[in-house]
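Peer 1: As input, take model23.cif (mmCIF, C-alpha atoms and all ligand atoms):
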data_final
#
loop_
_atom_site.label_atom_id
_atom_site.label_comp_id
_atom_site.auth_asym_id
_atom_site.auth_seq_id
_atom_site.Cartn_x
_atom_site.Cartn_y
_atom_site.Cartn_z
CA MET B 1 -140.77 -53.22 -5.83
CA GLN B 2 -143.43 -54.26 -3.31
CA SER B 3 -142.56 -57.31 -1.25
CA SER B 4 -145.08 -60.14 -1.09
CA LEU B 5 -145.50 -59.21 2.56
CA GLN B 6 -146.89 -55.81 1.54
CA LEU B 7 -149.10 -57.21 -1.21
CA ILE B 8 -150.95 -59.48 1.10
CA LYS B 9 -151.98 -56.73 3.48
CA ASN B 10 -154.60 -55.57 1.00
CA ASP B 11 -156.18 -58.98 0.78
CA LEU B 12 -156.91 -60.16 4.28
CA SER B 13 -159.19 -63.15 4.46
CA PRO B 14 -160.88 -64.48 7.61
CA LYS B 15 -158.29 -65.70 10.04
CA LEU B 16 -156.43 -68.69 8.69
CA HIS B 17 -155.10 -71.79 10.39
CA VAL B 18 -151.60 -72.44 9.06
CA ALA B 19 -149.68 -75.56 10.08
CA ILE B 20 -145.97 -75.96 9.41
CA ILE B 21 -143.70 -78.99 9.25
CA MET B 22 -140.42 -77.24 10.03
CA ASP B 23 -138.02 -79.50 8.14
CA GLY B 24 -134.39 -79.20 7.12
CA ASN B 25 -132.65 -78.05 10.31
CA GLY B 26 -130.17 -80.93 10.21
CA ARG B 27 -129.28 -80.54 6.53
CA TRP B 28 -128.97 -76.77 6.92
CA ALA B 29 -126.41 -77.28 9.68
CA VAL B 30 -124.47 -80.16 8.11
CA SER B 31 -124.13 -78.25 4.81
CA ARG B 32 -122.36 -75.53 6.81
CA GLY B 33 -120.11 -77.92 8.69
CA LEU B 34 -122.08 -77.35 11.89
CA PRO B 35 -123.59 -79.89 14.29
CA ARG B 36 -127.27 -80.67 13.64
CA ILE B 37 -128.17 -79.01 16.92
CA ALA B 38 -127.01 -75.67 15.50
CA GLY B 39 -129.71 -76.06 12.85
CA HIS B 40 -132.35 -76.47 15.53
CA ARG B 41 -131.04 -73.40 17.38
CA VAL B 42 -131.28 -71.23 14.26
CA GLY B 43 -134.62 -72.92 13.54
CA ALA B 44 -135.93 -71.54 16.83
CA GLU B 45 -135.14 -68.03 15.53
CA ALA B 46 -137.17 -68.82 12.40
CA VAL B 47 -140.04 -69.76 14.70
CA ARG B 48 -139.93 -66.30 16.29
CA ARG B 49 -139.87 -64.58 12.87
CA THR B 50 -142.80 -66.66 11.68
CA VAL B 51 -144.91 -66.03 14.78
CA THR B 52 -144.30 -62.30 14.47
CA ALA B 53 -145.38 -62.30 10.82
CA CYS B 54 -148.65 -64.17 11.33
CA PRO B 55 -151.10 -61.46 12.46
CA SER B 56 -150.46 -59.10 9.53
CA LEU B 57 -150.91 -62.00 7.11
CA GLY B 58 -154.33 -62.91 8.44
CA VAL B 59 -153.16 -66.02 10.28
CA GLY B 60 -155.13 -66.57 13.49
CA THR B 61 -153.85 -70.05 14.37
CA LEU B 62 -150.35 -71.37 13.77
CA THR B 63 -149.53 -75.01 14.55
CA LEU B 64 -145.85 -75.94 14.47
CA TYR B 65 -144.50 -79.51 14.40
CA ALA B 66 -141.63 -79.18 16.87
CA PHE B 67 -141.14 -82.78 18.02
CA SER B 68 -142.90 -85.86 16.69
CA SER B 69 -143.43 -88.97 18.77
CA ASP B 70 -141.03 -90.69 16.35
CA ASN B 71 -138.32 -88.11 17.12
CA TRP B 72 -137.60 -89.95 20.38
CA ARG B 73 -135.62 -92.34 18.14
CA ARG B 74 -132.96 -89.67 17.55
CA PRO B 75 -129.67 -89.69 19.52
CA SER B 76 -130.26 -88.57 23.09
CA ALA B 77 -127.96 -85.55 22.70
CA GLU B 78 -130.21 -84.23 19.92
CA VAL B 79 -133.41 -85.01 21.84
CA ASN B 80 -132.03 -83.24 24.92
CA ALA B 81 -131.00 -80.21 22.87
CA LEU B 82 -134.46 -79.98 21.31
CA MET B 83 -136.14 -80.24 24.70
CA ARG B 84 -133.85 -77.54 26.03
CA LEU B 85 -134.70 -75.25 23.11
CA LEU B 86 -138.41 -75.82 23.66
CA LYS B 87 -138.05 -75.02 27.35
CA ILE B 88 -136.10 -71.83 26.64
CA PHE B 89 -138.65 -70.82 24.00
CA MET B 90 -141.56 -71.29 26.42
CA ARG B 91 -139.84 -69.22 29.10
CA LYS B 92 -138.60 -66.45 26.82
CA GLU B 93 -141.72 -66.07 24.73
CA ILE B 94 -144.10 -65.28 27.58
CA ALA B 95 -143.28 -61.55 27.67
CA ASN B 96 -143.45 -61.19 23.86
CA SER B 97 -146.65 -63.18 23.71
CA LEU B 98 -148.34 -61.04 26.33
CA LYS B 99 -147.30 -57.93 24.43
CA ASN B 100 -148.55 -59.25 21.09
CA GLY B 101 -151.71 -61.09 22.15
CA VAL B 102 -150.32 -64.56 21.42
CA ARG B 103 -151.86 -67.53 23.21
CA ILE B 104 -149.46 -70.46 23.49
CA SER B 105 -150.69 -74.02 23.79
CA VAL B 106 -149.10 -77.41 23.30
CA ILE B 107 -150.59 -80.48 21.62
CA GLY B 108 -149.29 -84.02 22.00
CA ARG B 109 -148.49 -86.41 24.82
CA ARG B 110 -147.29 -84.86 28.05
CA ASP B 111 -146.60 -87.93 30.13
CA ARG B 112 -143.14 -88.57 28.61
CA LEU B 113 -141.86 -85.00 29.00
CA SER B 114 -139.49 -84.10 31.83
CA SER B 115 -140.99 -82.17 34.70
CA SER B 116 -138.98 -79.06 33.81
CA VAL B 117 -140.25 -79.05 30.21
CA LEU B 118 -143.78 -79.72 31.41
CA ASN B 119 -143.50 -76.94 33.92
CA ALA B 120 -142.30 -74.46 31.29
CA ILE B 121 -145.20 -75.46 29.00
CA GLU B 122 -147.84 -75.12 31.69
CA THR B 123 -146.46 -71.78 32.84
CA ALA B 124 -146.51 -70.40 29.28
CA GLU B 125 -150.02 -71.73 28.67
CA ARG B 126 -151.36 -70.22 31.89
CA ALA B 127 -149.66 -66.88 31.40
CA THR B 128 -150.84 -66.38 27.82
CA ILE B 129 -154.34 -67.85 28.06
CA ASN B 130 -156.06 -64.53 27.25
CA GLY B 131 -154.14 -63.88 24.02
CA GLN B 132 -156.60 -62.99 21.25
CA THR B 133 -154.45 -62.14 18.24
CA LEU B 134 -152.78 -65.47 17.46
CA HIS B 135 -153.20 -68.98 18.82
CA LEU B 136 -149.74 -70.53 18.64
CA ARG B 137 -149.97 -74.32 19.00
CA ILE B 138 -146.74 -76.24 19.34
CA ALA B 139 -146.83 -79.98 18.70
CA ILE B 140 -144.51 -81.83 21.07
CA ASP B 141 -144.37 -85.64 21.37
CA TYR B 142 -147.12 -85.50 18.79
CA SER B 143 -148.53 -88.25 16.58
CA ALA B 144 -151.77 -87.68 14.65
CA ARG B 145 -152.57 -91.39 14.60
CA GLU B 146 -152.12 -91.53 18.36
CA ALA B 147 -154.38 -88.48 18.78
CA ILE B 148 -157.11 -90.18 16.72
CA LEU B 149 -156.70 -93.39 18.73
CA ARG B 150 -156.93 -91.47 22.00
CA ALA B 151 -160.17 -89.87 20.79
CA ALA B 152 -161.59 -93.30 19.91
CA LYS B 153 -160.65 -94.57 23.37
CA ARG B 154 -162.33 -91.58 25.03
CA LEU B 155 -165.42 -92.36 23.02
CA SER B 156 -165.48 -96.01 24.02
CA GLU B 157 -165.06 -95.04 27.68
CA ASN B 158 -168.17 -92.89 27.49
CA PRO B 159 -170.64 -94.54 25.09
CA SER B 160 -173.25 -91.81 25.68
CA ASN B 161 -171.07 -89.72 23.35
CA TYR B 162 -172.10 -92.01 20.46
CA GLN B 163 -175.52 -90.32 20.26
CA SER B 164 -174.03 -86.95 19.47
CA LEU B 165 -171.09 -88.24 17.44
CA ASN B 166 -170.40 -86.32 14.26
CA GLN B 167 -167.34 -84.79 12.62
CA GLY B 168 -167.56 -81.71 14.85
CA THR B 169 -167.82 -83.61 18.13
CA PHE B 170 -165.07 -86.02 17.05
CA SER B 171 -162.83 -83.02 16.29
CA GLN B 172 -163.39 -81.89 19.88
CA LEU B 173 -162.49 -85.36 21.15
CA ILE B 174 -159.24 -85.30 19.15
CA SER B 175 -158.20 -82.03 20.77
CA ASP B 176 -156.41 -82.64 24.02
CA SER B 177 -158.51 -79.93 25.70
CA ALA B 178 -160.73 -76.96 24.94
CA GLN B 179 -157.69 -74.74 25.36
CA THR B 180 -155.70 -76.47 22.61
CA SER B 181 -158.56 -77.01 20.16
CA ALA B 182 -158.45 -75.21 16.81
CA PRO B 183 -160.35 -75.06 13.53
CA ASP B 184 -159.34 -77.34 10.65
CA VAL B 185 -156.07 -76.51 8.93
CA ASP B 186 -156.39 -74.21 5.91
CA LEU B 187 -152.78 -74.27 4.74
CA LEU B 188 -150.09 -76.86 5.46
CA ILE B 189 -146.52 -75.79 4.72
CA ARG B 190 -143.53 -78.13 4.68
CA THR B 191 -140.02 -76.81 4.18
CA SER B 192 -136.84 -78.48 2.83
CA GLY B 193 -138.34 -80.00 -0.31
CA GLU B 194 -139.87 -83.03 1.39
CA GLN B 195 -143.48 -83.70 0.44
CA ARG B 196 -145.17 -85.84 3.06
CA LEU B 197 -147.38 -85.43 6.10
CA SER B 198 -145.33 -87.48 8.59
CA ASP B 199 -148.19 -88.23 10.98
CA PHE B 200 -149.09 -84.55 11.45
CA LEU B 201 -152.73 -83.39 11.87
CA LEU B 202 -154.17 -86.17 9.68
CA TRP B 203 -157.80 -85.47 10.67
CA GLU B 204 -157.47 -81.68 10.72
CA CYS B 205 -155.86 -81.53 7.24
CA ALA B 206 -158.79 -83.22 5.46
CA TYR B 207 -159.30 -80.14 3.25
CA ALA B 208 -156.01 -78.34 3.79
CA GLU B 209 -154.14 -76.85 0.87
CA PHE B 210 -150.50 -78.02 0.76
CA PHE B 211 -147.53 -75.78 0.04
CA PHE B 212 -144.07 -77.28 -0.31
CA THR B 213 -140.94 -75.16 -0.47
CA ASN B 214 -137.29 -76.03 -0.91
CA ARG B 215 -136.34 -73.44 1.72
CA MET B 216 -134.65 -75.04 4.74
CA TRP B 217 -136.48 -74.18 7.96
CA PRO B 218 -133.65 -72.10 9.54
CA ASP B 219 -133.82 -69.76 6.50
CA PHE B 220 -137.61 -69.41 6.55
CA ASP B 221 -138.81 -65.84 7.05
CA ALA B 222 -141.80 -63.52 6.83
CA ASN B 223 -141.54 -63.28 3.04
CA ASP B 224 -141.65 -67.07 2.71
CA LEU B 225 -144.77 -67.16 4.86
CA ALA B 226 -146.30 -64.36 2.80
CA SER B 227 -145.55 -66.26 -0.44
CA ALA B 228 -147.23 -69.37 0.92
CA VAL B 229 -150.30 -67.42 2.10
CA ASN B 230 -150.51 -65.53 -1.21
CA ASN B 231 -150.32 -68.81 -3.09
CA PHE B 232 -153.06 -70.22 -0.85
CA LEU B 233 -155.32 -67.19 -1.38
CA ALA B 234 -155.11 -67.66 -5.15
CA ARG B 235 -156.38 -71.23 -4.95
CA ASP B 236 -159.95 -72.27 -5.68
CA ARG B 237 -161.10 -74.26 -2.63
CA ARG B 238 -164.13 -76.28 -3.62
CA PHE B 239 -164.50 -78.71 -0.70
CA GLY B 240 -165.87 -81.27 -3.15
CA GLY B 241 -168.38 -78.81 -4.66
CA LEU B 242 -168.01 -76.56 -7.69
CA SER B 243 -165.99 -73.41 -8.01
CA LYS B 244 -167.98 -70.16 -7.77
CA VAL B 245 -167.45 -69.53 -11.49
CA ALA B 246 -168.57 -73.02 -12.58
CA ALA B 247 -171.65 -72.90 -10.31
CA SER B 248 -172.98 -69.60 -11.67
C1 LIG B 301 -136.94 -81.27 11.46
O1 LIG B 301 -135.68 -81.06 10.87
C2 LIG B 301 -137.06 -80.43 12.66
C3 LIG B 301 -137.23 -80.91 13.92
C4 LIG B 301 -137.35 -82.34 14.21
C5 LIG B 301 -137.27 -80.00 15.08
C6 LIG B 301 -137.92 -78.67 14.89
C7 LIG B 301 -137.49 -77.77 15.98
C8 LIG B 301 -137.21 -76.45 15.89
C9 LIG B 301 -137.44 -75.69 14.67
C10 LIG B 301 -136.61 -75.66 17.02
C11 LIG B 301 -137.37 -75.62 18.29
C12 LIG B 301 -138.82 -75.34 18.12
C13 LIG B 301 -139.50 -74.34 18.75
C14 LIG B 301 -140.97 -74.27 18.62
C15 LIG B 301 -138.85 -73.31 19.57
P1 LIG B 301 -134.65 -82.25 10.82
O2 LIG B 301 -133.81 -82.23 12.02
O3 LIG B 301 -135.37 -83.55 10.57
O4 LIG B 301 -133.82 -81.85 9.54
P2 LIG B 301 -133.19 -82.83 8.44
O5 LIG B 301 -134.36 -83.49 7.74
O6 LIG B 301 -132.46 -81.88 7.55
O7 LIG B 301 -132.31 -83.78 9.15
#
Can the structure in the file be given as C-alpha cells, please?
Peer 2:
Amino acid sequence: MQSSLQLIKNDLSPKLHVAIIMDGNGRWAVSRGLPRIAGHRVGAEAVRRTVTACPSLGVGTLTLYAFSSDNWRRPSAEVNALMRLLKIFMRKEIANSLKNGVRISVIGRRDRLSSSVLNAIETAERATINGQTLHLRIAIDYSAREAILRAAKRLSENPSNYQSLNQGTFSQLISDSAQTSAPDVDLLIRTSGEQRLSDFLLWECAYAEFFFTNRMWPDFDANDLASAVNNFLARDRRFGGLSKVAAS
C-alpha cells in the first residue's frame, strides 16, 4: 500500500506556508510516567522529522510555535529546559540546514531571552540566511496580539506610513524584519486534540485552513504531516468568492 507521503508527491502545489501548534508534550510524558520535560525533549525530535519532511510535501515555509509569551508562567525548571532545548536545536541544526537549504529565523520578542539563547538564534539565522528550500520560522516568546500592537506602534511613530497603509504593508509591519517575514498561512495544524489558536499568527491566519489531530506532538511524523497536507489539498478554498465549479 502507498503511504500518504508517497501519494502527495504526485500533487505538488505552489509552496505552502504551514504553521503548527505543537501541543501535547506534557500529556505525552505524564501518560508514560515521565517528567513533562521528557515530552519536550522527544518533541524536539518530532521537530526535526517534520522539518525534513517539508520540502517533498511542497511546504516552503514552516512556522512552529515553540514558546508563547504566556509560557513564561510555567515553572522555571520547565522554562529553563525549553530554553535549553531551543539553544541546542539552534546550534545543532546549522549543519543540517546548510546541507538541506533551510533558512532558520525566529519570530517573537527577543528582549527577554538570555544572551546565550539570543546568541544561538542570531548565529543560526546568520549562518542559514541563504537557504532557499525551506524557511523555518520558530516562534519564541511570541504573542500574535503583541505583534499586532507592535505594528500599530511602529505606524504611529511614523505617520507617513499611513498614506501607503494597506493589508500588504501592514503585514510587513507585523513581521519583525524582512528576514522573518512570510506569506499568509495556508494550513494551521494543532496536535493533541485541542482546537484553539492560542494567540498564534492571528493576522496571518485570516484565510488559513485548520487541521486538528489527536496525535500528541512527540509522536508526530512525516506521515501525519502528509495527511494534513493531503487533507488541505482536497479543500475548496474560496477566499469569500465562489468555488471554481460554482462559478463556471
Ligand atoms: C506545548 O505542549 C508545547 C510547548 C509549550 C513547547 C514546544 C516545544 C518543543 C516541541 C520542543 C522544542 C522546540 C524546538 C523548535 C526545538 P504542552 O507542554 O503544553 O503539553 P500539554 O498541553 O500536554 O501539557
Peer 1: Kindly indicate which residue among B:Leu155, B:Ala139, B:Leu86, B:Ile20 lies nearest to Val185 of chain B, using all atoms listed in the file for the distances.
Peer 2: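 The answer is B:Ile20, which sits nearest to Val185 of chain B.
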Peer 1: What does the distance between atom CA of Ile121 of chain B and atom CA of Met83 of chain B come to in Å, to one decimal place?
Peer 2: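 A separation of 11.1 Å between them.
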Peer 1: List the spatial neighbours of Leu202 of chain B as a PyMOL selection string - criterion: any atom at most 12 Å away, all atoms listed in the file, same-chain residues fewer than 2 positions off excluded.
Peer 2: chain B and resi 19+142-149+171+174+184-185+188+196-200+204-208
Peer 1: For segment 151-221 of chain B against segment 29-53 of chain B, with a cut-off of 8 Å and counting only C-alpha atoms, what is the closest atom pair and its distance in Å to one decimal for every residue that makes the cut, ordered by chain and number, as CSV?
Peer 2:
residue,atom,partner,partner_atom,distance
B:Trp217,CA,B:Gly43,CA,6.0
B:Pro218,CA,B:Gly43,CA,4.2
B:Asp219,CA,B:Ala46,CA,6.8
B:Phe220,CA,B:Ala46,CA,5.9
B:Asp221,CA,B:Arg49,CA,6.0
Peer 1: Mind pulling up the distance from atom CA of Ser177 of chain B to atom CA of Ala152 of chain B?
Peer 2: 14.9 Å
Peer 1: For Glu122 of chain B, which residue out of B:Leu242, B:Ala95, B:Met90, B:Val18 is the nearest one, using all atoms listed in the file?
Peer 2: B:Met90
Peer 1: Find the distance between atom CA of Leu98 of chain B and atom CA of Pro183 of chain B and write it in Å to one decimal.
Peer 2: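 That distance, rounded to one decimal, is 22.5 Å.
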Peer 1: Against ligand LIG 301 (chain B), which residues of chain B fall within 6 Å? For each one I want the closest pair of atoms and the distance in Å (one decimal), counting all atoms listed in the file, rows by chain and increasing residue number, as a tab-separated table.
Peer 2:
residue	atom	partner	partner_atom	distance
B:Met22	CA	B:LIG301	C2	5.3
B:Asp23	CA	B:LIG301	C1	3.9
B:Gly24	CA	B:LIG301	O6	3.3
B:Asn25	CA	B:LIG301	O4	4.0
B:Gly26	CA	B:LIG301	O6	3.6
B:Arg27	CA	B:LIG301	O6	3.6
B:His40	CA	B:LIG301	C10	4.6
B:Gly43	CA	B:LIG301	C9	4.1
B:Ala44	CA	B:LIG301	C10	4.2
B:Ala66	CA	B:LIG301	C6	4.2
B:Phe67	CA	B:LIG301	C4	5.4
B:Leu85	CA	B:LIG301	C11	5.5
B:Leu86	CA	B:LIG301	C15	4.8
B:Phe89	CA	B:LIG301	C15	5.1
Peer 1: Write out as a PyMOL selection string each polymer residue whose atoms come within 12 Å of Glu125 of chain B, counting only C-alpha atoms; drop sequence neighbours fewer than 2 positions from it.
Peer 2: chain B and resi 90-91+93-94+97-98+102-107+118-123+127-131+135-138+179-180
Peer 1: Go ahead and save the picked residues with C-alpha atoms, as a PDB file, in the frame of the given file.
Peer 2:
ATOM      1  CA  MET B  90    -141.560 -71.290  26.420  1.00  0.00           C
ATOM      2  CA  ARG B  91    -139.840 -69.220  29.100  1.00  0.00           C
ATOM      3  CA  GLU B  93    -141.720 -66.070  24.730  1.00  0.00           C
ATOM      4  CA  ILE B  94    -144.100 -65.280  27.580  1.00  0.00           C
ATOM      5  CA  SER B  97    -146.650 -63.180  23.710  1.00  0.00           C
ATOM      6  CA  LEU B  98    -148.340 -61.040  26.330  1.00  0.00           C
ATOM      7  CA  VAL B 102    -150.320 -64.560  21.420  1.00  0.00           C
ATOM      8  CA  ARG B 103    -151.860 -67.530  23.210  1.00  0.00           C
ATOM      9  CA  ILE B 104    -149.460 -70.460  23.490  1.00  0.00           C
ATOM     10  CA  SER B 105    -150.690 -74.020  23.790  1.00  0.00           C
ATOM     11  CA  VAL B 106    -149.100 -77.410  23.300  1.00  0.00           C
ATOM     12  CA  ILE B 107    -150.590 -80.480  21.620  1.00  0.00           C
ATOM     13  CA  LEU B 118    -143.780 -79.720  31.410  1.00  0.00           C
ATOM     14  CA  ASN B 119    -143.500 -76.940  33.920  1.00  0.00           C
ATOM     15  CA  ALA B 120    -142.300 -74.460  31.290  1.00  0.00           C
ATOM     16  CA  ILE B 121    -145.200 -75.460  29.000  1.00  0.00           C
ATOM     17  CA  GLU B 122    -147.840 -75.120  31.690  1.00  0.00           C
ATOM     18  CA  THR B 123    -146.460 -71.780  32.840  1.00  0.00           C
ATOM     19  CA  ALA B 127    -149.660 -66.880  31.400  1.00  0.00           C
ATOM     20  CA  THR B 128    -150.840 -66.380  27.820  1.00  0.00           C
ATOM     21  CA  ILE B 129    -154.340 -67.850  28.060  1.00  0.00           C
ATOM     22  CA  ASN B 130    -156.060 -64.530  27.250  1.00  0.00           C
ATOM     23  CA  GLY B 131    -154.140 -63.880  24.020  1.00  0.00           C
ATOM     24  CA  HIS B 135    -153.200 -68.980  18.820  1.00  0.00           C
ATOM     25  CA  LEU B 136    -149.740 -70.530  18.640  1.00  0.00           C
ATOM     26  CA  ARG B 137    -149.970 -74.320  19.000  1.00  0.00           C
ATOM     27  CA  ILE B 138    -146.740 -76.240  19.340  1.00  0.00           C
ATOM     28  CA  GLN B 179    -157.690 -74.740  25.360  1.00  0.00           C
ATOM     29  CA  THR B 180    -155.700 -76.470  22.610  1.00  0.00           C
TER      30      THR B 180
END
Peer 1: Kindly provide, as a list in words, the polymer residues lying within 10 Å of (-148.3, -71.8, 4.6), counting all atoms listed in the file and using the coordinates exactly as they appear in the file.
Peer 2: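 So the residues meeting the distance criterion are Leu16, His17, Val18, Ala19, Ile20, Ile21, Val59, Leu62, Asp186, Leu187, Leu188, Ile189, Arg190, Thr191, Glu209, Phe210, Phe211, Phe212, Thr213, Asp224, Leu225, Ala226, Ser227, Ala228, Val229, Asn230, Asn231 and Phe232 of chain B.
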Peer 1: Write to file, as a compact mmCIF listing (two decimals), in the coordinates of the input, the residues of the selection just made, with C-alpha atoms.
Peer 2:
# COMPACT_ATOMS: atom_id res chain seq x y z
CA LEU B 16 -156.43 -68.69 8.69
CA HIS B 17 -155.10 -71.79 10.39
CA VAL B 18 -151.60 -72.44 9.06
CA ALA B 19 -149.68 -75.56 10.08
CA ILE B 20 -145.97 -75.96 9.41
CA ILE B 21 -143.70 -78.99 9.25
CA VAL B 59 -153.16 -66.02 10.28
CA LEU B 62 -150.35 -71.37 13.77
CA ASP B 186 -156.39 -74.21 5.91
CA LEU B 187 -152.78 -74.27 4.74
CA LEU B 188 -150.09 -76.86 5.46
CA ILE B 189 -146.52 -75.79 4.72
CA ARG B 190 -143.53 -78.13 4.68
CA THR B 191 -140.02 -76.81 4.18
CA GLU B 209 -154.14 -76.85 0.87
CA PHE B 210 -150.50 -78.02 0.76
CA PHE B 211 -147.53 -75.78 0.04
CA PHE B 212 -144.07 -77.28 -0.31
CA THR B 213 -140.94 -75.16 -0.47
CA ASP B 224 -141.65 -67.07 2.71
CA LEU B 225 -144.77 -67.16 4.86
CA ALA B 226 -146.30 -64.36 2.80
CA SER B 227 -145.55 -66.26 -0.44
CA ALA B 228 -147.23 -69.37 0.92
CA VAL B 229 -150.30 -67.42 2.10
CA ASN B 230 -150.51 -65.53 -1.21
CA ASN B 231 -150.32 -68.81 -3.09
CA PHE B 232 -153.06 -70.22 -0.85
Peer 1: Give the centre and edge lengths of an axis-aligned box, in Å to one decimal, that holds all listed atoms of segment 79-88 of chain B with 6 Å on each side, as lines of an AutoDock Vina configuration file.
Peer 2:
center_x = -134.7
center_y = -78.4
center_z = 24.3
size_x = 19.4
size_y = 25.2
size_z = 18.0
Peer 1: Hey, which of B:Leu134, B:Ala151, B:Ala178, B:Leu113 ends up closest to Lys99 of chain B? Count only C-alpha atoms.
Peer 2: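 Using only C-alpha atoms, Lys99 of chain B sits closest to B:Leu134.
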